[in-house]
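Structure file entry.cif (mmCIF, C-alpha atoms and all ligand atoms) is printed below.
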data_start
#
loop_
_atom_site.group_PDB
_atom_site.id
_atom_site.type_symbol
_atom_site.label_atom_id
_atom_site.label_comp_id
_atom_site.auth_asym_id
_atom_site.auth_seq_id
_atom_site.Cartn_x
_atom_site.Cartn_y
_atom_site.Cartn_z
ATOM 1 C CA MET Q 523 -97.603 -47.423 3.705
ATOM 2 C CA LEU Q 524 -94.723 -45.354 5.063
ATOM 3 C CA SER Q 525 -95.393 -44.754 8.723
ATOM 4 C CA PHE Q 526 -94.268 -41.635 10.544
ATOM 5 C CA GLY Q 527 -91.774 -43.676 12.571
ATOM 6 C CA MET Q 528 -90.185 -45.159 9.437
ATOM 7 C CA LEU Q 529 -89.948 -41.694 7.838
ATOM 8 C CA LYS Q 530 -88.236 -40.365 10.950
ATOM 9 C CA ARG Q 531 -85.690 -43.253 10.916
ATOM 10 C CA VAL Q 532 -84.919 -42.725 7.195
ATOM 11 C CA CYS Q 533 -84.438 -38.962 7.740
ATOM 12 C CA LEU Q 534 -82.202 -39.524 10.759
ATOM 13 C CA SER Q 535 -80.065 -42.105 8.953
ATOM 14 C CA GLN Q 536 -79.664 -39.700 5.989
ATOM 15 C CA LEU Q 537 -78.785 -36.897 8.330
ATOM 16 C CA SER Q 538 -76.218 -38.925 10.252
ATOM 17 C CA ALA Q 539 -74.671 -40.182 6.974
ATOM 18 C CA HIS Q 540 -74.424 -36.578 5.874
ATOM 19 C CA GLN Q 541 -73.088 -35.501 9.249
ATOM 20 C CA GLY Q 542 -70.541 -38.329 9.148
ATOM 21 C CA TYR Q 543 -69.371 -37.103 5.760
ATOM 22 C CA ILE Q 544 -69.102 -33.544 7.030
ATOM 23 C CA VAL Q 545 -67.238 -34.638 10.164
ATOM 24 C CA LYS Q 546 -64.848 -36.715 8.019
ATOM 25 C CA GLN Q 547 -64.208 -33.757 5.704
ATOM 26 C CA MET Q 548 -63.712 -31.421 8.654
ATOM 27 C CA LYS Q 549 -61.123 -33.806 10.105
ATOM 28 C CA LYS Q 550 -59.327 -33.917 6.776
ATOM 29 C CA ILE Q 551 -59.387 -30.106 6.548
ATOM 30 C CA LYS Q 552 -58.124 -29.858 10.129
ATOM 31 C CA TRP Q 553 -55.134 -32.150 9.417
ATOM 32 C CA PHE Q 554 -54.514 -30.404 6.115
ATOM 33 C CA ILE Q 555 -54.301 -27.033 7.881
ATOM 34 C CA ILE Q 556 -52.134 -28.424 10.667
ATOM 35 C CA ASP Q 557 -49.953 -30.245 8.190
ATOM 36 C CA ARG Q 558 -49.479 -27.455 5.688
ATOM 37 C CA CYS Q 559 -49.661 -24.338 7.803
ATOM 38 C CA PHE Q 560 -47.936 -25.432 10.948
ATOM 39 C CA GLY Q 561 -46.121 -28.550 9.802
ATOM 40 C CA ILE Q 562 -46.587 -30.158 13.198
ATOM 41 C CA ARG Q 563 -48.755 -33.177 12.476
ATOM 42 C CA ASN Q 564 -45.719 -35.267 13.332
ATOM 43 C CA ALA Q 565 -45.580 -33.486 16.646
ATOM 44 C CA PHE Q 566 -48.958 -35.034 17.514
ATOM 45 C CA GLU Q 567 -48.323 -38.443 16.028
ATOM 46 C CA TYR Q 568 -44.668 -38.909 17.030
ATOM 47 C CA PRO Q 569 -44.074 -36.344 19.793
ATOM 48 C CA PHE Q 570 -40.711 -37.690 20.954
ATOM 49 C CA LEU Q 571 -39.269 -38.196 17.503
ATOM 50 C CA TYR Q 572 -40.435 -34.708 16.482
ATOM 51 C CA LEU Q 573 -38.945 -33.141 19.592
ATOM 52 C CA LYS Q 574 -35.655 -34.970 19.071
ATOM 53 C CA LEU Q 575 -35.467 -33.956 15.398
ATOM 54 C CA SER Q 576 -36.248 -30.296 15.982
ATOM 55 C CA ILE Q 577 -33.795 -30.035 18.870
ATOM 56 C CA THR Q 578 -31.040 -31.719 16.836
ATOM 57 C CA ARG Q 579 -31.744 -29.499 13.842
ATOM 58 C CA SER Q 580 -31.664 -26.242 15.776
ATOM 59 C CA MET Q 581 -28.723 -27.402 17.881
ATOM 60 C CA ASN Q 582 -26.782 -28.295 14.749
ATOM 61 C CA HIS Q 583 -27.351 -24.805 13.393
ATOM 62 C CA SER Q 584 -26.585 -23.065 16.674
ATOM 63 C CA TYR Q 585 -23.604 -25.354 17.207
ATOM 64 C CA LYS Q 586 -22.058 -24.217 13.925
ATOM 65 C CA LYS Q 587 -22.736 -20.574 14.836
ATOM 66 C CA LEU Q 588 -21.174 -21.129 18.220
ATOM 67 C CA LYS Q 589 -18.099 -22.733 16.668
ATOM 68 C CA ILE Q 590 -17.645 -19.736 14.346
ATOM 69 C CA ILE Q 591 -18.105 -17.279 17.226
ATOM 70 C CA ASN Q 592 -15.626 -19.248 19.349
ATOM 71 C CA PHE Q 593 -13.135 -19.134 16.499
ATOM 72 C CA ILE Q 594 -13.587 -15.341 16.162
ATOM 73 C CA LYS Q 595 -13.014 -15.076 19.907
ATOM 74 C CA ARG Q 596 -9.781 -17.104 19.653
ATOM 75 C CA VAL Q 597 -8.516 -14.846 16.825
ATOM 76 C CA LYS Q 598 -9.473 -11.707 18.757
ATOM 77 C CA ASN Q 599 -7.465 -13.035 21.706
ATOM 78 C CA LYS Q 600 -4.430 -13.530 19.467
ATOM 79 C CA VAL Q 601 -4.426 -10.237 17.506
ATOM 80 C CA PRO Q 602 -6.273 -6.915 17.630
ATOM 81 C CA MET Q 603 -9.076 -7.042 15.045
ATOM 82 C CA MET Q 604 -10.943 -3.979 13.772
ATOM 83 C CA MET Q 605 -14.310 -5.749 13.406
ATOM 84 C CA ASP Q 606 -16.869 -6.546 16.068
ATOM 85 C CA TYR Q 607 -18.406 -10.033 16.324
ATOM 86 C CA LYS Q 608 -21.270 -9.270 13.927
ATOM 87 C CA GLY Q 609 -18.938 -7.917 11.248
ATOM 88 C CA ALA Q 610 -16.495 -10.783 11.722
ATOM 89 C CA TYR Q 611 -19.309 -13.363 11.517
ATOM 90 C CA GLN Q 612 -20.586 -11.723 8.320
ATOM 91 C CA LEU Q 613 -17.101 -11.930 6.790
ATOM 92 C CA PHE Q 614 -16.703 -15.586 7.788
ATOM 93 C CA VAL Q 615 -19.998 -16.750 6.299
ATOM 94 C CA LEU Q 616 -19.508 -14.726 3.114
ATOM 95 C CA VAL Q 617 -16.193 -16.468 2.448
ATOM 96 C CA HIS Q 618 -17.921 -19.793 3.087
ATOM 97 C CA ASN Q 619 -21.017 -18.908 1.020
ATOM 98 C CA THR Q 620 -18.958 -18.021 -2.069
ATOM 99 C CA ASP Q 621 -16.959 -21.249 -2.099
ATOM 100 C CA LYS Q 622 -18.822 -22.640 -5.104
ATOM 101 C CA ILE Q 623 -18.084 -19.526 -7.170
ATOM 102 C CA GLN Q 624 -15.103 -19.723 -9.470
ATOM 103 C CA GLY Q 625 -12.146 -17.533 -8.561
ATOM 104 C CA ASP Q 626 -9.656 -16.562 -5.870
ATOM 105 C CA VAL Q 627 -10.172 -14.706 -2.594
ATOM 106 C CA ALA Q 628 -8.534 -11.326 -1.869
ATOM 107 C CA GLU Q 629 -8.297 -8.842 0.966
ATOM 108 C CA VAL Q 630 -6.979 -5.292 0.875
ATOM 109 C CA GLY Q 631 -6.441 -4.054 4.439
ATOM 110 C CA VAL Q 632 -4.817 -6.844 6.464
ATOM 111 C CA TYR Q 633 -3.382 -4.861 9.405
ATOM 112 C CA LYS Q 634 -2.409 -7.493 12.030
ATOM 113 C CA GLY Q 635 -4.022 -10.357 10.113
ATOM 114 C CA GLY Q 636 -7.171 -10.874 12.220
ATOM 115 C CA SER Q 637 -9.658 -10.694 9.354
ATOM 116 C CA ALA Q 638 -7.214 -12.616 7.122
ATOM 117 C CA ASN Q 639 -7.158 -15.392 9.715
ATOM 118 C CA LEU Q 640 -10.971 -15.630 9.511
ATOM 119 C CA ILE Q 641 -10.816 -15.655 5.708
ATOM 120 C CA CYS Q 642 -8.237 -18.470 5.672
ATOM 121 C CA GLU Q 643 -10.189 -20.548 8.185
ATOM 122 C CA ALA Q 644 -13.511 -20.036 6.383
ATOM 123 C CA ASN Q 645 -11.856 -20.842 3.057
ATOM 124 C CA GLU Q 646 -10.568 -24.197 4.258
ATOM 125 C CA ASN Q 647 -13.847 -24.681 6.075
ATOM 126 C CA ARG Q 648 -12.698 -26.865 8.895
ATOM 127 C CA ILE Q 649 -15.667 -25.619 10.922
ATOM 128 C CA LEU Q 650 -18.367 -25.904 8.269
ATOM 129 C CA GLU Q 651 -16.905 -29.078 6.797
ATOM 130 C CA SER Q 652 -16.766 -28.316 3.120
ATOM 131 C CA LYS Q 653 -13.510 -28.285 1.268
ATOM 132 C CA SER Q 654 -12.594 -25.142 -0.605
ATOM 133 C CA TYR Q 655 -8.959 -24.413 -1.246
ATOM 134 C CA ARG Q 656 -9.163 -21.192 -3.161
ATOM 135 C CA GLU Q 657 -6.022 -19.136 -3.617
ATOM 136 C CA ILE Q 658 -5.903 -16.222 -1.132
ATOM 137 C CA HIS Q 659 -4.223 -12.860 -1.892
ATOM 138 C CA LEU Q 660 -3.607 -10.456 0.998
ATOM 139 C CA PHE Q 661 -2.589 -6.817 0.412
ATOM 140 C CA ASP Q 662 -1.358 -4.187 2.843
ATOM 141 C CA THR Q 663 1.332 -1.551 3.091
ATOM 142 C CA PHE Q 664 2.071 -2.967 6.585
ATOM 143 C CA SER Q 665 3.339 0.558 7.275
ATOM 144 C CA GLY Q 666 -0.140 1.946 7.906
ATOM 145 C CA LEU Q 667 -2.576 3.974 5.841
ATOM 146 C CA PRO Q 668 -1.105 5.580 2.708
ATOM 147 C CA GLU Q 669 -1.736 9.231 1.775
ATOM 148 C CA VAL Q 670 -5.058 10.259 3.368
ATOM 149 C CA GLN Q 671 -7.288 12.716 1.513
ATOM 150 C CA ASP Q 672 -10.378 12.175 3.640
ATOM 151 C CA LYS Q 673 -10.673 14.983 6.132
ATOM 152 C CA GLU Q 674 -11.896 12.696 8.847
ATOM 153 C CA ILE Q 675 -10.567 10.595 11.694
ATOM 154 C CA PHE Q 676 -7.714 8.863 9.867
ATOM 155 C CA TYR Q 677 -4.086 9.872 9.349
ATOM 156 C CA LYS Q 678 -1.189 8.669 7.225
ATOM 157 C CA GLY Q 679 0.665 5.801 8.888
ATOM 158 C CA GLN Q 680 -2.286 4.747 11.066
ATOM 159 C CA TYR Q 681 -2.674 0.968 11.623
ATOM 160 C CA ILE Q 682 0.899 -0.216 11.248
ATOM 161 C CA GLY Q 683 1.034 -3.972 10.751
ATOM 162 C CA ASN Q 684 3.844 -6.494 10.481
ATOM 163 C CA SER Q 685 4.008 -8.816 7.492
ATOM 164 C CA ILE Q 686 6.373 -11.284 9.218
ATOM 165 C CA LYS Q 687 3.973 -11.710 12.128
ATOM 166 C CA VAL Q 688 1.036 -12.085 9.725
ATOM 167 C CA ARG Q 689 2.910 -14.811 7.808
ATOM 168 C CA LYS Q 690 3.544 -16.595 11.107
ATOM 169 C CA LEU Q 691 -0.106 -16.224 12.147
ATOM 170 C CA LEU Q 692 -1.307 -17.774 8.874
ATOM 171 C CA ALA Q 693 1.477 -20.366 8.496
ATOM 172 C CA GLU Q 694 -0.884 -23.341 8.961
ATOM 173 C CA TYR Q 695 -3.011 -22.406 5.935
ATOM 174 C CA ILE Q 696 -2.270 -23.286 2.336
ATOM 175 C CA ASN Q 697 -2.468 -21.093 -0.808
ATOM 176 C CA VAL Q 698 -1.863 -17.828 1.055
ATOM 177 C CA ASN Q 699 0.003 -15.014 -0.780
ATOM 178 C CA ILE Q 700 0.984 -11.802 0.983
ATOM 179 C CA TYR Q 701 1.859 -8.623 -0.946
ATOM 180 C CA GLU Q 702 3.502 -5.703 0.826
ATOM 181 C CA GLY Q 703 3.114 -2.144 -0.509
ATOM 182 C CA VAL Q 704 0.470 0.294 -1.696
ATOM 183 C CA PHE Q 705 -2.412 -1.330 -3.603
ATOM 184 C CA PRO Q 706 -2.949 -1.325 -6.645
ATOM 185 C CA GLU Q 707 0.785 -0.901 -7.337
ATOM 186 C CA THR Q 708 1.241 -4.389 -5.835
ATOM 187 C CA ALA Q 709 -1.571 -5.980 -7.886
ATOM 188 C CA GLU Q 710 0.511 -6.950 -10.932
ATOM 189 C CA PRO Q 711 0.748 -10.698 -10.007
ATOM 190 C CA ILE Q 712 -3.055 -11.051 -9.872
ATOM 191 C CA LYS Q 713 -4.091 -8.949 -12.850
ATOM 192 C CA ASN Q 714 -5.084 -12.043 -14.849
ATOM 193 C CA ARG Q 715 -7.010 -13.771 -12.031
ATOM 194 C CA VAL Q 716 -10.765 -13.859 -11.377
ATOM 195 C CA PHE Q 717 -12.304 -13.577 -7.909
ATOM 196 C CA SER Q 718 -15.135 -15.130 -5.937
ATOM 197 C CA PHE Q 719 -14.736 -13.008 -2.818
ATOM 198 C CA VAL Q 720 -12.975 -9.727 -1.986
ATOM 199 C CA ASN Q 721 -12.747 -8.005 1.398
ATOM 200 C CA LEU Q 722 -12.055 -4.245 1.131
ATOM 201 C CA ASP Q 723 -11.227 -2.982 4.619
ATOM 202 C CA VAL Q 724 -9.048 0.039 3.899
ATOM 203 C CA ASP Q 725 -10.616 2.945 5.826
ATOM 204 C CA ILE Q 726 -9.911 5.592 3.175
ATOM 205 C CA SER Q 727 -12.004 6.418 0.126
ATOM 206 C CA GLN Q 728 -9.129 6.506 -2.421
ATOM 207 C CA SER Q 729 -8.202 2.911 -1.507
ATOM 208 C CA VAL Q 730 -11.858 1.834 -1.761
ATOM 209 C CA LYS Q 731 -12.053 3.449 -5.226
ATOM 210 C CA ASP Q 732 -8.801 1.756 -6.341
ATOM 211 C CA GLY Q 733 -10.020 -1.572 -4.972
ATOM 212 C CA LEU Q 734 -13.373 -1.373 -6.762
ATOM 213 C CA GLU Q 735 -11.775 -0.305 -10.055
ATOM 214 C CA PHE Q 736 -9.381 -3.232 -9.903
ATOM 215 C CA PHE Q 737 -11.626 -6.018 -8.595
ATOM 216 C CA TYR Q 738 -15.089 -5.237 -10.002
ATOM 217 C CA PRO Q 739 -14.248 -6.230 -13.608
ATOM 218 C CA ARG Q 740 -12.456 -9.348 -12.343
ATOM 219 C CA MET Q 741 -15.308 -10.670 -10.166
ATOM 220 C CA SER Q 742 -17.023 -13.889 -11.258
ATOM 221 C CA ARG Q 743 -20.804 -13.811 -11.554
ATOM 222 C CA GLY Q 744 -22.198 -14.483 -8.056
ATOM 223 C CA GLY Q 745 -18.931 -13.453 -6.420
ATOM 224 C CA ALA Q 746 -19.146 -10.946 -3.561
ATOM 225 C CA ILE Q 747 -17.259 -7.815 -2.496
ATOM 226 C CA LEU Q 748 -17.510 -6.830 1.162
ATOM 227 C CA ILE Q 749 -16.816 -3.117 1.730
ATOM 228 C CA HIS Q 750 -16.290 -1.753 5.242
ATOM 229 C CA ASP Q 751 -17.028 1.647 6.818
ATOM 230 C CA TYR Q 752 -19.859 2.493 4.399
ATOM 231 C CA SER Q 753 -22.120 4.020 7.018
ATOM 232 C CA THR Q 754 -19.367 5.508 9.176
ATOM 233 C CA SER Q 755 -17.459 7.369 6.447
ATOM 234 C CA GLN Q 756 -19.302 9.787 4.163
ATOM 235 C CA GLU Q 757 -16.322 9.747 1.745
ATOM 236 C CA ILE Q 758 -16.428 5.953 1.391
ATOM 237 C CA LYS Q 759 -20.228 6.050 0.993
ATOM 238 C CA ASP Q 760 -19.891 8.658 -1.797
ATOM 239 C CA VAL Q 761 -17.258 6.578 -3.606
ATOM 240 C CA VAL Q 762 -19.322 3.353 -3.394
ATOM 241 C CA ASP Q 763 -22.616 5.054 -4.345
ATOM 242 C CA GLY Q 764 -20.912 6.809 -7.272
ATOM 243 C CA PHE Q 765 -19.202 3.641 -8.489
ATOM 244 C CA PHE Q 766 -22.420 1.593 -8.552
ATOM 245 C CA LYS Q 767 -24.765 4.356 -9.759
ATOM 246 C CA GLU Q 768 -24.756 3.148 -13.362
ATOM 247 C CA LYS Q 769 -24.101 -0.523 -12.550
ATOM 248 C CA PRO Q 770 -26.787 -3.200 -12.233
ATOM 249 C CA GLU Q 771 -25.727 -4.468 -8.796
ATOM 250 C CA PRO Q 772 -27.569 -3.160 -5.741
ATOM 251 C CA ILE Q 773 -25.586 -2.058 -2.684
ATOM 252 C CA ILE Q 774 -26.726 -4.451 0.041
ATOM 253 C CA GLU Q 775 -26.466 -2.858 3.473
ATOM 254 C CA THR Q 776 -25.871 -5.130 6.453
ATOM 255 C CA PHE Q 777 -26.641 -4.762 10.140
ATOM 256 C CA VAL Q 778 -23.146 -3.377 10.716
ATOM 257 C CA ASP Q 779 -21.325 -0.721 8.672
ATOM 258 C CA GLN Q 780 -20.394 -3.118 5.870
ATOM 259 C CA VAL Q 781 -22.057 -3.393 2.460
ATOM 260 C CA ILE Q 782 -22.107 -6.390 0.139
ATOM 261 C CA ILE Q 783 -22.042 -6.296 -3.653
ATOM 262 C CA VAL Q 784 -22.872 -9.513 -5.501
ATOM 263 C CA LYS Q 785 -21.598 -9.405 -9.105
ATOM 264 C CA ASN Q 786 -24.316 -9.750 -11.715
HETATM 265 C C1 LIG Q 801 -8.650 -1.000 9.434
HETATM 266 S S1 LIG Q 801 -7.164 -1.662 8.900
HETATM 267 C C2 LIG Q 801 -7.626 -3.290 8.409
HETATM 268 C C3 LIG Q 801 -8.143 -4.105 9.543
HETATM 269 C C4 LIG Q 801 -8.217 -5.590 9.303
HETATM 270 N N1 LIG Q 801 -9.011 -5.918 8.140
HETATM 271 C C5 LIG Q 801 -8.828 -6.261 10.517
HETATM 272 O O1 LIG Q 801 -10.035 -6.475 10.580
HETATM 273 O O2 LIG Q 801 -8.063 -6.560 11.436
HETATM 274 C C6 LIG Q 801 -6.921 -0.856 7.371
HETATM 275 C C7 LIG Q 801 -5.670 -1.318 6.655
HETATM 276 O O3 LIG Q 801 -5.757 -0.916 5.305
HETATM 277 C C8 LIG Q 801 -4.451 -0.726 4.819
HETATM 278 N N2 LIG Q 801 -4.546 0.065 3.563
HETATM 279 C C9 LIG Q 801 -5.349 1.107 3.305
HETATM 280 N N3 LIG Q 801 -5.188 1.519 2.026
HETATM 281 C C10 LIG Q 801 -4.271 0.685 1.471
HETATM 282 C C11 LIG Q 801 -3.680 0.597 0.171
HETATM 283 N N4 LIG Q 801 -4.017 1.420 -0.823
HETATM 284 N N5 LIG Q 801 -2.765 -0.367 -0.047
HETATM 285 C C12 LIG Q 801 -2.410 -1.223 0.946
HETATM 286 N N6 LIG Q 801 -2.925 -1.189 2.195
HETATM 287 C C13 LIG Q 801 -3.846 -0.241 2.445
HETATM 288 C C14 LIG Q 801 -3.736 -0.036 5.961
HETATM 289 O O4 LIG Q 801 -2.350 -0.213 5.906
HETATM 290 C C15 LIG Q 801 -4.379 -0.732 7.181
HETATM 291 O O5 LIG Q 801 -3.574 -1.773 7.663
#

How would this structure read if it were set down as structure tokens?
Ligand SMILES: C[S@@+](CC[C@H](N)C(=O)[O-])C[C@H]1O[C@@H](n2cnc3c(N)ncnc32)[C@H](O)[C@@H]1O
Amino acid sequence: MLSFGMLKRVCLSQLSAHQGYIVKQMKKIKWFIIDRCFGIRNAFEYPFLYLKLSITRSMNHSYKKLKIINFIKRVKNKVPMMMDYKGAYQLFVLVHNTDKIQGDVAEVGVYKGGSANLICEANENRILESKSYREIHLFDTFSGLPEVQDKEIFYKGQYIGNSIKVRKLLAEYINVNIYEGVFPETAEPIKNRVFSFVNLDVDISQSVKDGLEFFYPRMSRGGAILIHDYSTSQEIKDVVDGFFKEKPEPIIETFVDQVIIVKN
């Protein structure tokens, strides 16, 4: 005969087995959530290793950023540059990010060579430690802005540069070609080249239009064009918007007044 006491013991043992199962499952669920959602199980199991790894990882990233910013600062101390730190950083990483795309690098709008210095450094990637030795083509009148149609803040002859000083500034870099004169009249030597990155920093809408007409068909797929003054000049905005209206590429606005086009 099953006594009341025996029945109670059987029920309790069943219950605790069940509870044990539930507790086990709950623990598994808890670790699953921690593991998948927060990714910090290691933080509980190996706190010091986790701390060391996360600090190294974030320091590595910040260290690279810091090195780029320090480089920009050094260039800014050498020559007047028309970009702020955010714009200059954007230019630097774009040159670096396009290094696996086939094609040369070009800039129209060199002025004193500040942005060109960033392009050359990012191309050789001494800071980010990858080796890209793309050919670089730099275009400027070096006698300032050509004929200005835009009725805004600019005037003919503004931003006079000096090609000899720019050559000296960039003497340590390889594969650098400098072309003096009004673009696209000076573009003959590169008409059969393809491009992975182009920096259009020309201030006036006619030069932006000429630059887009020349470079857009010569861009490799995945290559990028960085256009300056998009949000500060209505004329440049109109030219860029009009040029890409019927084209598949979106105009990617950045935090500063530059826009990026990635060739489809
Ligand atoms: C704002 S500055 C460039 C600043 C430079 N990228 C920097 O960050 O130091 C604009 C330059 O574009 C050049 N430029 C504008 N239109 C041009 C054209 N069609 N051909 C050659 N140079 C041009 C001017 O001579 C001027 O030096």

Atomic distance atom CA of Q:Tyr752 - atom CA of Q:Lys634, expressed in Å with one decimal: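 Distance reported for this atom pair: 21.5 Å.
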
Could you tell me which of Q:Tyr543, Q:Phe661, Q:Phe676, Q:Phe593 comes closest to Q:Glu643 if we count all atoms listed in the file?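 Looking only at the distances to Q:Glu643, the closest residue turns out to be Q:Phe593.
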
Pull out every residue that the PyMOL selection byres (((not hetatm)) within 9 of (chain Q and resi 801)) matches in the shown coordinates and put them as a PyMOL selection string. chain Q and resi 601-606+610+629-638+661-670+679-683+701-708+721-730+732-733+750

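Pairwise distance (atom CA of Q:Asp779, atom CA of Q:Lys713) equals 28.8 Å.
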
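Once the PyMOL selection byres (((chain Q and resi 769) around 12) and not hetatm) is applied to this file, the selection holds Tyr738, Pro739, Val762, Asp763, Gly764, Phe765, Phe766, Lys767, Glu768, Pro770, Glu771, Pro772, Ile773, Ile783, Val784, Lys785 and Asn786 of chain Q.
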
Name the residues that the PyMOL selection byres (((chain Q and resi 687-696) around 7) and not hetatm) picks from the file above, as JSON, numbers by chain, using the file's chain letters and numbers. {"Q": [634, 635, 639, 642, 684, 685, 686, 697, 698]}

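Remark: for Q:Ile747, the closest of the candidate residues Q:Val615, Q:Val781, Q:Val761, Q:Leu588 is Q:Val781 (distances computed over only C-alpha atoms).
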
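Across the model, the gap from atom CA of Q:Ile749 to atom CA of Q:Ile590 is 20.9 Å.
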
Counting all atoms listed in the file, closest pick from Q:Ile774, Q:Val627, Q:Arg743, Q:Gln780 relative to Q:Ser755 is Q:Gln780

With distances taken over all atoms listed in the file, which of Q:Lys622, Q:Val778, Q:Gly745, Q:Phe717 is nearest to Q:Lys608? Q:Val778

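With only C-alpha atoms as the basis for measurement, Q:Thr620 is the residue among Q:Thr620, Q:Gln756, Q:Asn699, Q:Gln612 that approaches Q:Gly744 most closely.
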
With a distance cut-off of 7 Å and all atoms listed in the file, select the neighbouring residues of Q:His618, excluding the residue or stretch itself and same-chain residues fewer than 4 positions from it, and output the selection as number ranges by chain. Q: 614, 644-645

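With distances taken over all atoms listed in the file, Q:Ala746 is the one residue among Q:Leu660, Q:Val597, Q:Ala746, Q:Ile758 lying closest to Q:Ser718.
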